[in-house]
Every structure is written in C-alpha cells, then in structure tokens.
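Data first, discussion second: the structure below is written as structure tokens.
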There are 2 protein chains.
Amino acid sequence: MGYTDVDKLAVNTIRLLSADAVYHANAGHPGAPMGMAPVAHVLFNKIMAYNPKNPKWLNRDRFVLSNGHACALQYSLLHLAGYKISIDDLKAFRSLDSITPGHPESHDTDGIEVTTGPLGQGFCNAVGLAIAQHHSSAIFNKPGFDLINNHTYVFLGDGCMMEGVASEAASLAGHLQLGNLIAIYDDNHISIDGDTNCAFTEDVVLRFKAYGWHTEIVDDGDHDLEGIEAAIKKCQAVKDKPSLIKLRTTIGFGSQLQGTGGVHGAPLKEADMKQVKTKWGFDPEKLFAVPQEVYDIYHKHGAEGAAKEKEWEQLLEKYGQSHKTEAADLKRRLTGDLPEGWEKALPVYSPSDAAVASRKLSEILLNKIHEAVPELVGGSADLTASNLTRWKDAVDFQPPSLGIGDWSGRYIRYGVREHAMGAIMNGLAAYGTILPYGGTFLNFVSYAAGAVRLSALSQVRVIWVATHDSIGLGEDGPTHQPIETLAHFRALPNCMVWRPADGNETSAAYYVALTSKHTPSIIALSRQNLPQLENSTIAHALKGGYAVHEAEKADITLVSTGSEVGICVDAVKYLKERHNLTARVVSIPCFEVFDAQSKEYRLSILPDGIPSLSVEAMSTMGWERYTHEQFGLNRFGASGAYKDVYKKFELTPEGISKRAVATVDFWKSVPNIRSPINRAFQQLI
Amino acid sequence: MGYTDVDKLAVNTIRLLSADAVYHANAGHPGAPMGMAPVAHVLFNKIMAYNPKNPKWLNRDRFVLSNGHACALQYSLLHLAGYKISIDDLKAFRSLDSITPGHPESHDTDGIEVTTGPLGQGFCNAVGLAIAQHHSSAIFNKPGFDLINNHTYVFLGDGCMMEGVASEAASLAGHLQLGNLIAIYDDNHISIDGDTNCAFTEDVVLRFKAYGWHTEIVDDGDHDLEGIEAAIKKCQAVKDKPSLIKLRTTIGFGSQLQGTGGVHGAPLKEADMKQVKTKWGFDPEKLFAVPQEVYDIYHKHGAEGAAKEKEWEQLLEKYGQSHKTEAADLKRRLTGDLPEGWEKALPVYSPSDAAVASRKLSEILLNKIHEAVPELVGGSADLTASNLTRWKDAVDFQPPSLGIGDWSGRYIRYGVREHAMGAIMNGLAAYGTILPYGGTFLNFVSYAAGAVRLSALSQVRVIWVATHDSIGLGEDGPTHQPIETLAHFRALPNCMVWRPADGNETSAAYYVALTSKHTPSIIALSRQNLPQLENSTIAHALKGGYAVHEAEKADITLVSTGSEVGICVDAVKYLKERHNLTARVVSIPCFEVFDAQSKEYRLSILPDGIPSLSVEAMSTMGWERYTHEQFGLNRFGASGAYKDVYKKFELTPEGISKRAVATVDFWKSVPNIRSPINRAFQQLI
C-alpha cells in the first residue's frame, strides 16, 4: 500500500503509451488499456513476481490478457517492466513482422504467456496455467521446499464473459477449487455493439458464486489503487477457491469519449490525444513519453523479481541435494525433452496379433508409457470409458477435500466441456512442466475448433485423443459421425492429424505427437477393431506415409488411412481375382509428416506411371493432393450397425474395386501418368 | 391434476417402451428415458397442445430433447401420441434407414422439431424457437387474435448444462425475458464419467437466477406427477422470464442399476428387463407392450390437440378477413417461399461502379431487401459495426421493458456468443416464420462449428454473414485471419460457402442463400474494397463459377474467389506484358453451386487443354479438385496493413504471375491436358 503521485503518474503513463501505440499505428483498441491501466499497474508494479531478464523462470506469477485486443496495454507494461520490448517496438505496433502484433502472440514475444485475442480463450488458458501450478506443486514441493507456488492472474472483459468457452472453464475451475487463480473482470459496460445493456444483463458475480468462486467488487477501478490491491490480497488469502474481482472501470478513461463505444476499437483523435496529455501534465506534442521516475519504480520492481528468482534458484539447488530425482525431473521437463529411453515403452505389434480397435490400442499405449513420461497429464470431456484415455490405477486430479483424487493426480475430469478442455490444455502446455492430452469423439473436436487453432498458432504440444473417428461408430448416427473434420484440421497450419491403421501406426502417431515440442496433434482413432497390417512398422509410419502392400508392375495404387487401409488390403485380393488387376496399398496416417519427407521418398510411395485412388470414409477434400481419384463420403453418414453403414456407402472390397477399375480405365489413355506429388512450384512457408 | 393409476401405467409404459427399444437394438441409452418418463408424460399428456396428424401446425407447443441420446423416450412418446412412428419403427431403432436413428433427426421424422444429440445444441434451438414465437406473436397477433402463443419446452441433462453453448444461450434468454420458454433439467447426478461430483458441482439453479431466469425445483421427479405439473404451471404464469425446473430424477428408474452410470448408455440385461417388467405388472416375456388404456389417454389428448388446431384454423380464417395482408404473409412464410418479386430489390452493379468492400455490399443489399423480405431477422455476435449487418432504422429485438427495442424488432443483439447464435438460428429457422442471418468474423464461425454442422444436417435455411474473410483484415493479425475456415466448411455436406468477388456476386450469393430452403450458407465477405468486375453479372454468379475474363487461345486459366479475383485480373495484364502469356480468369464464388452445374458447363469454364492455377489467400486444400496448381497460404497470416500482408505472401500480380509462369512451364510437356473436372467416377450422394 502507500500509493504516491509516482503511481498515479505511472498509471497515466501506461494509459498514454497504449493510446500512443494505437494512435501511431492508426489501428487498435485504446479503450480497455486506458480503463485497466490502474489494476495493471498494481499487478505489475506491486503484486506480481517476475524477472524480465528471464521470462521463463518457472515460479513467476503468470499474467494472461484474455481480452487480447487490449494488448497495447500488455506491450506497454512489458516495456516498462524491462522485458525485450523497446519504444521502437511500441512504435511498430500492428506493423508487419513486429513483435507487437495486433493481438499478443506467445511464440514471438517475451513475457506473453499465451496467445490471446479470440475471446474467452485466455481465461481458459489461465485456468490451465493454474491447474498446472496446483499439480506441479503437488508433485514437486516438499517440506521446506515450497518450490512452486505462483499465482495466475487473468484480465477479461465482457466479451470473454459472454463466451461459452469461458463459462465452461469457470465452472470447472470452481469445481477444482483453484486457489491460486485470480481473474479480474473489466466491468466497463461497453462492448462493440455499445452498452452491454443490449445483450448482457446477467449478474456476473452471482454466476461466479454459483460456480464456487470467491468474489470481490471494486467500485472505482479508475482511481482506487489501494482498493484494488486490497481486493487482490483478499483473494490471495482464499486458498480453496478461485477468485473473481469485478472491477468497475471507465473505458477510455481520460478521453473525451470515455465511457462510450467510440473509444473501444478506434484510435483517439489528435485533439483528444492532446487534451488528455495536457490534462495529465504530459507534453501534448510528444508521443511515447515515459517519465524517468516511472521507469525507476518498474526497474526497482523488476530487480526485486530478479532477486526473488535468484533466491528461488538457490532453493532449487538445495532441493536438488535432498531430492535429486525430483530436481532432475523438473529440470528435464522444462527443456521439453522426454526422459531418455521412454520410447522403449511403446507397444510393438506383428501381423499375427489380434485385431484391436485403435482407441483400445491407444489405451494399451497409455498404460505402457505413463510411467516413463511423468509429465503426461490426461483427461477426457466426460467420455473416459469411450475414449479409453485413463490408464489403470490413474489418480484423478481433484481437490483433496472431495475425497476422489488429489492435486498430484494426472487424470482430469473435464466434464462435457470440449472447448474449455482444448483451451485449458493450451494453458497446461504453456506452463512448462506438463504434456497434456484430452479425449473426446473426433466429431466434437470441432466444438473446440477455436482452441485447436490457437494450439497450432501458438505452437504448443497438445494431444487430442479423438475416438469414434468415422461412420464406423455406427448406431450413434450422423450427428456423431465426422465427415468434414479431418479436412478441417488438415487445412489448419502446424497441426498434425493422425489416423493410424493399426498398432504400430498408433505407436508412431504417439511418438511423433509426444516429441513434437511445437505442434499440436489430433489422433483419430476407431471404435471398431482393426487388423495388424503386413508391412506396418513404427519406423515406416514415422514417415507419415508408406507402402503397406507393395506389388511389382501394379495397375493402381490404393491410398488410405485408418480403418479403411485394411479394407483396401482386402480389395487387393478382390481386384486380382475378379478383375486381374494388381494393386499396391499405401497408408498415409499423417499428411503433415508425409509432406515433410523428401520428394524422392514421397515419389517412391506415390510413384509416377500408376494411377492412384484414395479411400477414406469421409470428405474427399484434400486427397486430390495425393491421388488421381478419390473415394469417400461427401455426404452425411447414417445410423446403423457399423458394417451395415460401410456397406450402404460401398466402403467394401467390392465398392473399392469398382472404383479402382474405373480409375484404371479412366487413366489408361494417359501416356505418362504424373504423380500428384509433382507440383509446378513450392508453397510458401 | 388428478393423476390416476392409468397415468402411473402410462409412465411405466414409456419407461419400458424406451428400454425395449434400446434392448432390442442392443445399443442406446435407457437411463434418461426411464428417469424422465414422468415429466415426459405430464408434458405430452396433460400440458402440451399438438396435433399428431398435423405435426406442422404453427401454434403447437414445441418440444426439444436437448439430451438427444435419450431419443428412445421421444420416439416412444411420439408413438403413443399418434405421430407417424409405429411399433415397427421402435423395433427398427438405430438400424439403417429407419426413421428412429440413434439421435433424433428432424428432416426424417414427424414430430422431431430439431436435430439433437451434440450436447447443448437443443437447448439453444429451444431459445431460438422461443425467440421466434415472441417475435412472430408481436408481428401477427392483433386484438382478439392471439394467434401465436405457444410454449417451448426443452429437456436437458448434465451434459447440456456443462456445454458452453448452452450457457451462452441461457444468458441471452434471460436478458431477452423469454417468458414462453420452459427448460426442464434432468438432475440425475450421473454423466458418462460417473457421478457428476467428479466434474460438475456448481449450483445450477443459482447460476440460472444470475442469468435472470425464474427457477423451480421438484424433488421427486420419479413419482411426483402433481408436483411436476404444478411447477410447470407456475413457470407458465411467469411471463417476463424464461423458467428452469430442476427435476431430481433417478437415472434408469426401475432397473437394478438405477442411479448408476451402468444404465446410462448400455441396454439393460435380460434378467433386469424381466425383473422391472414383473415389478410393474407387465408381462416379462413381452417387448413393446402398450396397454390399451394408455393408448386411450394419449389418443384422447391428441384429439383435444386436433380440436385446438381446428379452432385455431377458424381463428386464422377470421383473422384473414380483418387482417388480410398479415394472414397472407403468415401463410406465405409457412411455405418457405419468399414474396413474389422480392428479387427486384437486389442491387445490380456495373464495372464502372466504385470499388466497395463486400461487407459493405452486403449492408447495401440488406438495406434494399429487408422490406421485401419481412421474415428476414438479422443479428450479429457483437460485431454489428464491423459486420455491417444492421440495416438503417432496424429495430432491435428486445423486451420492451428495456426501452431499447421491442418484440417485433428484427435485429438480434446476440452478444459475443457465436456458437449460441448459430444454434439459436437453427431454432429460429425451425419455427417456420423466420429466415435468420447472423454476423461475425469468418474466423469465428469456427467457434460455432457444432451449430453450423447441425444447420447442414438438419437442412435449415440459416445465413452466416462472415466478414473479415482473410488476411485482408490486416492489423488484427493471425489470431483473426482465417486460413482453414473455407476448406472446413466446403468439406461440410449441404453447406454453401460463398466468397463473392464484387457487387453482383454478392447479390447472387444472397439470392441463392435466401431461396435455398434446405441448405445453410456462409457468405464470406471482405473488409477491404473490391472492384466491380468486367464480366460479372448476377446470372453468371448464380452458376457458382464463370469466366470473369475470357481470352482466345489462353495459356493458362487463373481461378480465384473474392478479393483475389481482382488481383488475378491485374495479373492478366502483367503476364501479357512481362511474359507474353495469355491468361483467362475464372471466379468460383461457390464450389457447391458450381458442382451442381452440368459437366458440359463446368468444362466450358475449366476447359481441357489449358493448365490452371487457383489463387486464394488461404489454405489451398480443396482447390486441387478444380485446378492443376494451387497458390494460397498454407501457413498462418500476419499482423500488418493489409497491402503489406498481401505483399509479404506474394498475393500480388507479380506473385501470381511468377506461379502462372511456373504452371505453364510445368504443364508444357503434357500433350492433352485434362481438366480436373473430368473424374473417373461419380461420388455417392
């Protein structure tokens, strides 16, 4: 406490730096930064522990700006605090290839914990960060070694409050009693459509009470620094509930348009910029001015943070002496590398092994590797027994008071909350000590599309265990049978979509997913049993595509994934017997990984001179890149026993053969058939 | 009131019919039907007005089963009530091509108002149905003519309660004070992962109070028929709030496994089936038994409903005498046809007209047609000023008490709730008197993927006004710039994705979207200005694809959509001047519509003998179906001024030309270039 004029000056400096950045860029959102500068100042200058010189210090307090459009605020704070953001970077706000893009991107900019902007996501990321902190402290803290005890703070506005994904995460956070999570709600009564009275009149505080949160209200968020600090301290004292502070602020505080939508998403006019600077004793002609005394108090706070980190490093050092294994594990986890030799635990299959559903293969694998990979933290969106995501004897991650698990548990019951699960996993992955996976039906990964997109953009290692991956789920019918889903996520950059055909391919899928530090994965798995294939090995599948069945002088290449590969293998026999055609079969369990192989390799798998036909029980979109002709399902599925459904859509050896014959006939007249692997030019990356 | 033994018998009959259906199919969910049979009986036999012989009677009470997996319950009720579901249909439950699929599908089965199963959706559909009722009554009811006053009832379970999409809709419904909406929450404490105590411990009733709902609690939902009816009547009496009834039930009531997860999603065992039948006085050996007295009370209620409808038809007749225009309008709306001549209001452009952003073209169009198409009800997920979705002088749909609109208003402020907006629009469209459109950024249609999928599957006319459709949005950066979005929705069956290049194409997009009664549309619109193209006419664009720039003996066809078509046209000049190559340019504003044209037509647009290159500022996935080579963006975008971003990714006349030259070179050696329109076989439909 004891706020002085320097603090007031700092608050106004933050307001003006943010407004200047937007004004200078002639684009952006000055309103929320000007409104939230007071609480931001209290947090970054009085409350949070961080070291700007080491933004990755594990026990730093985490800050998430869920209303990411207000990032001029975050960039201004990071600049003042001494992170690698210069005044020039603020001047480059929203310009090409700057580290200060229109919404905060974690992979580009020090001090940005998670990529935000799409509303609701950051709030859920914060829940994930808080889960990670609670879990990691349970795993690593020991008597006398309170190694991991950071808080997670998140700002959110009305937009985030309205998004369902945030509601899901808020309900789960309340259930999980995440005491170290403090959310600060910018109650400024303005969203893009104007006064929130037009669409958002619920009682937010009461809603959060219903979720089991502790709540505080600060009435004058524009001035009451003491009140803000007191509210935060009260929240810190509540250890068994997450906390929400409703902070009444004035959007665009200081502007002539303050309190109106006019200041939300457009720069202040020149005259307005000048009046506000004059009013606050700043030079009206000067942009990006920072009084030295403001730098001073921020650098002092940063130095205190650096000292805290040093102390913490010493504690870790001492910890390493008495808890050698744990310390080594913790340090290793922070590198993102898995424990040496972990991959020896991966199951290996031979063709004589029984047919098994790939969701079951996934379960077998998780049972085998979970001890070798202690950072693996799984879960499901209320489909545990269907997704088979829980290894035997797994402990649930639960508040100990419920008596059904504890904080050290590695299995999260997400509830029927796919979107929040995805966004929470992004937070878990961002924390640094956890490798998250989560299960749902493939069709319902679409509910979480907003979060999956941010996994890919922010380059985090998150794994979706996406079972019931086709019409092969049978009776549940078209509401549950994915058609467009693989095309959707294959079109998403930096996202691996795997659809393994058998045991070895499943092991390969997990191997790549677990070791790709900067790429999320979706592993599509069958409900129905799949045979172990002849030429399938982990090494082959690691290439993303390979020949499952090779043949000299083949008439056609059948190219497939997952449950249809085995049907293609059966079609080979049918084609030979009925049509005297020789077919080879290629499995491409992962487009993205196959695409990364050399052209020479890819051409060896999909060679020139032979026509090719893809077979996949869903949209054919995207297959034209690999094959000449495509057989799939460009319509919705049907409810019925899975074999009946496959038969209805002719995804049988007969049905495939019919189209293979048509393909051979159609390409007969073409003299030098060129493989689609050959392209006129390379794509930009 | 006055429930008798026949009612008890009816309740047990419903329980057993549902359990038999699941047992007979050996798949499905008996638990919720057996738990909810009492409230279902009260609703269908005492409360709701409907005529099973005319399931489309406008003023019927609406029933939605949001926990669609419990559909054995719904099918059983529809059978008893006299809808077109026979005992044989119940026996065909979950079998191929039955009208009783694994989840209820509205386009197949009489009495199913909306397609449910994906959790949370049905609840939102019900909100949409209630909005439609409130709006339609404000439009059509007149003194003495209370034509439209039906209630909407929706069942939902814990799964729906946890889904964010339902939270969004619940908040909006509370804001909108939808008095005729009554939601009945099956509080059975069981979800797939077991006791809800593992993930869902919030206070649901308190949360709904926070949203502004009226709430009731019935403690013994297994037996207390009087209590259930009393609670519903109390809710009906509350006119200015939607109502939630929390009904404590026992999942799988009657089974030996009642109250456990064991009865949620698996058939009862044979012995269990027998014990429950014996216990309730049914023949343990008999399946699908319905006592005549149960049929009797249902047929009596159905006859009462038919009488009510007859009365209503007479009222409508009388209404038509004094309110001729309104009656004609109402009758016309129910056919799904638009008013005759409405299309004359569509704007038409010529090449000399100014360049205009297509989002602005959309605004101009909405301003011109909204009077001609009175069933058009628009809105935006809090991006009105960016989506430009609100015509001048539109009235907001609001409860009159707020003083900012009224029930007759045709513009809905959805708040930042994209997913609920999508699902609510499905309900609006299902009501019968409304044609809904809703705006958000194209990138955030992905948040609503679950709802869009159900628009397509359930064949409803819903229009997404999806602005800021590419990297052309500029400074907001990659968090907001769609890459995978068009591929995603193009891969979705029965969904039209439009990306118009200019004014006439925008008019064509709306024309097809508005007149396609059974198909949803996404219209992707630019933030930046687009020139009016030379050969663009509404008639051309109605074909889904056409030549914007034709040329004799062309060396290459450039194929593009939206904002990139104009850049391709510029590239034509560049190619001629710098490379002496002749290019023609094709625009394909809508794949789905182009695909529906004759092969002859499609080949005239994408002819044999010429190599082709697609140009679109996003994922190239799917373009291989139309062109030989593809230029796009298979990576995330960037934050910066839009022209800088286009330049960075070489989406300029120069960049296009470079790839056009590479394409021509690459295909030079191929003697008879075959257009990709030629395929070896036809896809199944």
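Every chain in the structure tokens takes a letter, A first, then B, and so on in the order presented; its residues are numbered from 1, and the ligands are numbered from 1 following the presented order.
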Item to check | Near-Gly254 of chain B list (8 Å; only C-alpha atoms; drop same-chain fewer than 2 positions) as a PyMOL selection string | outcome: chain B and resi 34+252+256+258+276
How about saving the chosen residues, N, CA, C and O atoms kept, as an mmCIF file, in the first residue's frame?
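See out-v7.cif below for the written result:
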```
data_model
loop_
_atom_site.group_PDB
_atom_site.id
_atom_site.type_symbol
_atom_site.label_atom_id
_atom_site.label_comp_id
_atom_site.auth_asym_id
_atom_site.auth_seq_id
_atom_site.Cartn_x
_atom_site.Cartn_y
_atom_site.Cartn_z
ATOM 1 N N MET B 34 -35.919 -43.636 -18.812
ATOM 2 C CA MET B 34 -36.590 -44.224 -17.653
ATOM 3 C C MET B 34 -36.704 -43.221 -16.512
ATOM 4 O O MET B 34 -37.658 -43.232 -15.739
ATOM 5 N N GLY B 252 -32.371 -44.402 -15.038
ATOM 6 C CA GLY B 252 -32.671 -45.831 -15.167
ATOM 7 C C GLY B 252 -33.661 -46.330 -14.134
ATOM 8 O O GLY B 252 -33.604 -47.503 -13.730
ATOM 9 N N GLN B 256 -32.195 -52.611 -11.973
ATOM 10 C CA GLN B 256 -31.359 -52.974 -10.831
ATOM 11 C C GLN B 256 -30.154 -52.041 -10.713
ATOM 12 O O GLN B 256 -29.551 -51.926 -9.658
ATOM 13 N N GLN B 258 -30.369 -48.798 -11.334
ATOM 14 C CA GLN B 258 -30.863 -47.408 -11.301
ATOM 15 C C GLN B 258 -29.964 -46.532 -10.438
ATOM 16 O O GLN B 258 -29.384 -46.984 -9.446
ATOM 17 N N VAL B 276 -37.873 -55.758 -13.978
ATOM 18 C CA VAL B 276 -38.575 -54.470 -13.935
ATOM 19 C C VAL B 276 -39.993 -54.619 -14.494
ATOM 20 O O VAL B 276 -40.957 -54.056 -13.954
#
```
Next on the checklist: Set the distance at 8 Å and use only C-alpha atoms: which residues neighbour Arg490 of chain B once local chain neighbours fewer than 5 positions away are removed? I'd like the list as a PyMOL selection string.
Outcome noted: chain B and resi 495-497+591-592
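In this structure, atom CA of Asp396 of chain B sits 26.2 Å away from atom CA of Val512 of chain B.
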Item to check | In segment 244-394 of chain B, DSSP alpha helix (DSSP H) residues written as a VMD selection string | outcome: chain B and resid 270 to 279 292 to 322 324 to 335 358 to 369 384 to 387
Next on the checklist: Which residues are close to segment 241-247 of chain A, i.e. within 9 Å by only C-alpha atoms, leaving aside same-chain residues fewer than 5 positions away? Reply as a count of residues only.
Outcome noted: 38
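Nearest to chain A of all the residues B:Leu454, B:Ala513, B:Val548, B:Leu257 is B:Leu454, counting only C-alpha atoms.
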Checklist entry - Could you name the residues that touch Arg413 of chain B at 10 Å or less, counting only C-alpha atoms, but leaving out those on the same chain fewer than 6 positions away, as a PyMOL selection string? => result (chain A and resi 193+196+198-200) or (chain B and resi 172+176+378-384+396-398+421+438)
Checklist entry - Nearest to chain B among A:Ser675, A:Thr116, A:Thr278, A:Asn51, with distances taken over only C-alpha atoms: which residue is it? => result A:Thr116
Item to check | Polymer residues at most 8 Å from segment 601-613 of chain A, only C-alpha atoms, same-chain spacing of 5 or more positions, as a PyMOL selection string | outcome: chain A and resi 545-547+554-559+586+594-595+626-631+659-660+663-664+667+672-675+677
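Closest approach to chain B among A:Ile424, A:Ile364, A:Val290, A:Ala92: A:Ala92, based on only C-alpha atoms.
By chain and then residue number, the residues within 7 Å of Glu418 of chain A are Ala381, Val416, Ala420, Met421, Gly422, Val445, Tyr447 and Ala448 of chain A, counting only C-alpha atoms and disregarding those fewer than 2 positions away in sequence.
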Could you take the residues named above and write them with N, CA and C atoms, as a PDB file, in the first residue's frame?
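Result file follows (out.pdb):
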```pdb
ATOM      1  N   ALA A 381     -13.346 -35.279 -22.010  1.00  0.00           N
ATOM      2  CA  ALA A 381     -14.542 -34.456 -21.836  1.00  0.00           C
ATOM      3  C   ALA A 381     -15.733 -35.372 -21.572  1.00  0.00           C
ATOM      4  N   VAL A 416     -18.358 -32.344 -19.670  1.00  0.00           N
ATOM      5  CA  VAL A 416     -18.744 -32.213 -21.084  1.00  0.00           C
ATOM      6  C   VAL A 416     -18.409 -30.797 -21.548  1.00  0.00           C
ATOM      7  N   ALA A 420     -13.495 -25.834 -23.609  1.00  0.00           N
ATOM      8  CA  ALA A 420     -12.645 -25.448 -22.480  1.00  0.00           C
ATOM      9  C   ALA A 420     -11.486 -26.424 -22.328  1.00  0.00           C
ATOM     10  N   MET A 421     -11.733 -27.704 -22.541  1.00  0.00           N
ATOM     11  CA  MET A 421     -10.644 -28.685 -22.436  1.00  0.00           C
ATOM     12  C   MET A 421      -9.503 -28.300 -23.369  1.00  0.00           C
ATOM     13  N   GLY A 422      -9.845 -27.954 -24.600  1.00  0.00           N
ATOM     14  CA  GLY A 422      -8.810 -27.562 -25.553  1.00  0.00           C
ATOM     15  C   GLY A 422      -8.054 -26.327 -25.102  1.00  0.00           C
ATOM     16  N   VAL A 445     -14.273 -32.621 -31.518  1.00  0.00           N
ATOM     17  CA  VAL A 445     -13.108 -31.734 -31.538  1.00  0.00           C
ATOM     18  C   VAL A 445     -13.519 -30.431 -32.229  1.00  0.00           C
ATOM     19  N   TYR A 447     -16.177 -28.767 -31.752  1.00  0.00           N
ATOM     20  CA  TYR A 447     -16.663 -27.828 -30.728  1.00  0.00           C
ATOM     21  C   TYR A 447     -15.499 -26.979 -30.206  1.00  0.00           C
ATOM     22  N   ALA A 448     -14.298 -27.542 -30.269  1.00  0.00           N
ATOM     23  CA  ALA A 448     -13.125 -26.874 -29.695  1.00  0.00           C
ATOM     24  C   ALA A 448     -12.253 -26.236 -30.761  1.00  0.00           C
TER      25      ALA A 448
END
```
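Atom pair atom CA of Asp393 of chain A / atom CA of Val465 of chain A: separated by 19.2 Å.
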Checklist entry - Out of A:Lys392, A:His549, A:Arg499, A:Lys234, which residue has the shortest atom-to-atom distance to Leu442 of chain A when counting only C-alpha atoms? => result A:Arg499
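Atom to atom, atom CA of Asn26 of chain B and atom CA of Lys643 of chain A stand 14.9 Å apart.
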